[in-house]
Amino acid sequence: MRLEGKTALVTGSSQGIGEAVALRLADEGADVAVHYRSHPEGAQAVVERIAKLGRRTAAIQADLSRVTEVRRLVADAVTRLGPLDILVNNAGVERRADFWDVSETDYDFVMDVNLKGLFFTTQAFVRHLLAAKRPGRIINMSSVHEELPFPHFTSYAMSKGGVRMMTRNLAIELAPFGITVNSIAPGAIATPINRALLDDSEKLRALLGNIPLKRLGAPSDIAGVAAFLASSDADYITGTTLVADGGLLWNYQEQ
């Protein structure tokens, strides 16, 4: 077990990719704090599965768009599980709209969770590591849309472009403290956020035509990458985005 003795906080881990990441880290030996915003039943189910693996765990609610709650989240995770070693910034949201129809409310929601929330969660985690004089791992969940245009989702693509630059910048700034910072860029993954796509056979068929591996990714595909980045196998990797998309990024053509 590559993560035995480590403790992780995974944001947005009550469902989807975050759930898979939390379970995979626990399976690799880590204790895991499960974060949720508005899905307590899902968080509790994840906690129960982690506990069955023999790991310590806790479900913690927080609204990542509020800095005070972000700081409480990290503090609560430390109080309940002890010093943290790994942060997976998985939580993310999107809103579809033509650019000329985007509302300020929806723009703020996407940017506050995907970028502001990620920034200040990372800051609270880094402050914890520096105070304890501990090395650490930061893993940001980005998207192929940090690179690939995403019409009708401009604020989402902007937020992921910001995550890419934050990853690169912090990798340099935090390296002297033994803290690595990397991102994962999933492609099309079968999760609740993509429910509309999964229910539209025509759009799904068109998308699969752009994926050389001819399938959607599973949350477990991304969880395996996160476990690698959290482990000692990735000791010499920082400032990098690992793309897990079945070849979509370099094969995509807008229909």
# chains A, B, ... in the order shown; residues from 1 in each chain; ligands from 1
$ residues_around --residues "Pro192 of chain A" --least-positions-apart "4" --cutoff "12 Å" --atoms "only C-alpha atoms" --output "ChimeraX atom specification"
/A:14-19,93,188,196-199,218-219
$ residues_around --residues "segment 76-90 of chain A" --least-positions-apart "5" --cutoff "6 Å" --atoms "only C-alpha atoms" --output "PyMOL selection string"
chain A and resi 6-12+18+136-141
$ select_by_dssp --residues "segment 74-209 of chain A" --states "helix (DSSP H, G or I)" --output "PyMOL selection string"
chain A and resi 74-81+99-101+104-132+144-146+154-177+192-198+201-208
$ closest_atom_pairs --of "segment 68-129 of chain A" --to "segment 160-179 of chain A" --cutoff "9 Å" --atoms "only C-alpha atoms" --output "JSON lines"
{"residue": "A:Asn114", "atom": "CA", "partner": "A:Lys160", "partner_atom": "CA", "distance": 7.4}
{"residue": "A:Leu115", "atom": "CA", "partner": "A:Val163", "partner_atom": "CA", "distance": 6.7}
{"residue": "A:Leu118", "atom": "CA", "partner": "A:Val163", "partner_atom": "CA", "distance": 8.3}
{"residue": "A:Phe119", "atom": "CA", "partner": "A:Met166", "partner_atom": "CA", "distance": 8.1}
{"residue": "A:Val126", "atom": "CA", "partner": "A:Ile179", "partner_atom": "CA", "distance": 8.4}
{"residue": "A:Leu129", "atom": "CA", "partner": "A:Ile179", "partner_atom": "CA", "distance": 8.6}
$ closest_residue --among "A:Phe228, A:Trp250, A:Trp100, A:Tyr236" --to "Leu25 of chain A" --atoms "only C-alpha atoms"
A:Phe228
$ select_by_dssp --residues "segment 76-124 of chain A" --states "strand (DSSP E)" --output "list in words"
Ile86, Leu87, Val88 and Asn89 of chain A
$ write_last_selection --atoms "C-alpha atoms" --output "short mmCIF file (atom, residue, chain, number, x, y, z; two decimals), in the first residue's frame"
data_model
loop_
_atom_site.label_atom_id
_atom_site.label_comp_id
_atom_site.auth_asym_id
_atom_site.auth_seq_id
_atom_site.Cartn_x
_atom_site.Cartn_y
_atom_site.Cartn_z
CA ILE A 86 -2.24 15.16 0.64
CA LEU A 87 -4.77 17.64 -0.73
CA VAL A 88 -6.86 16.74 -3.77
CA ASN A 89 -8.69 19.82 -5.06
#
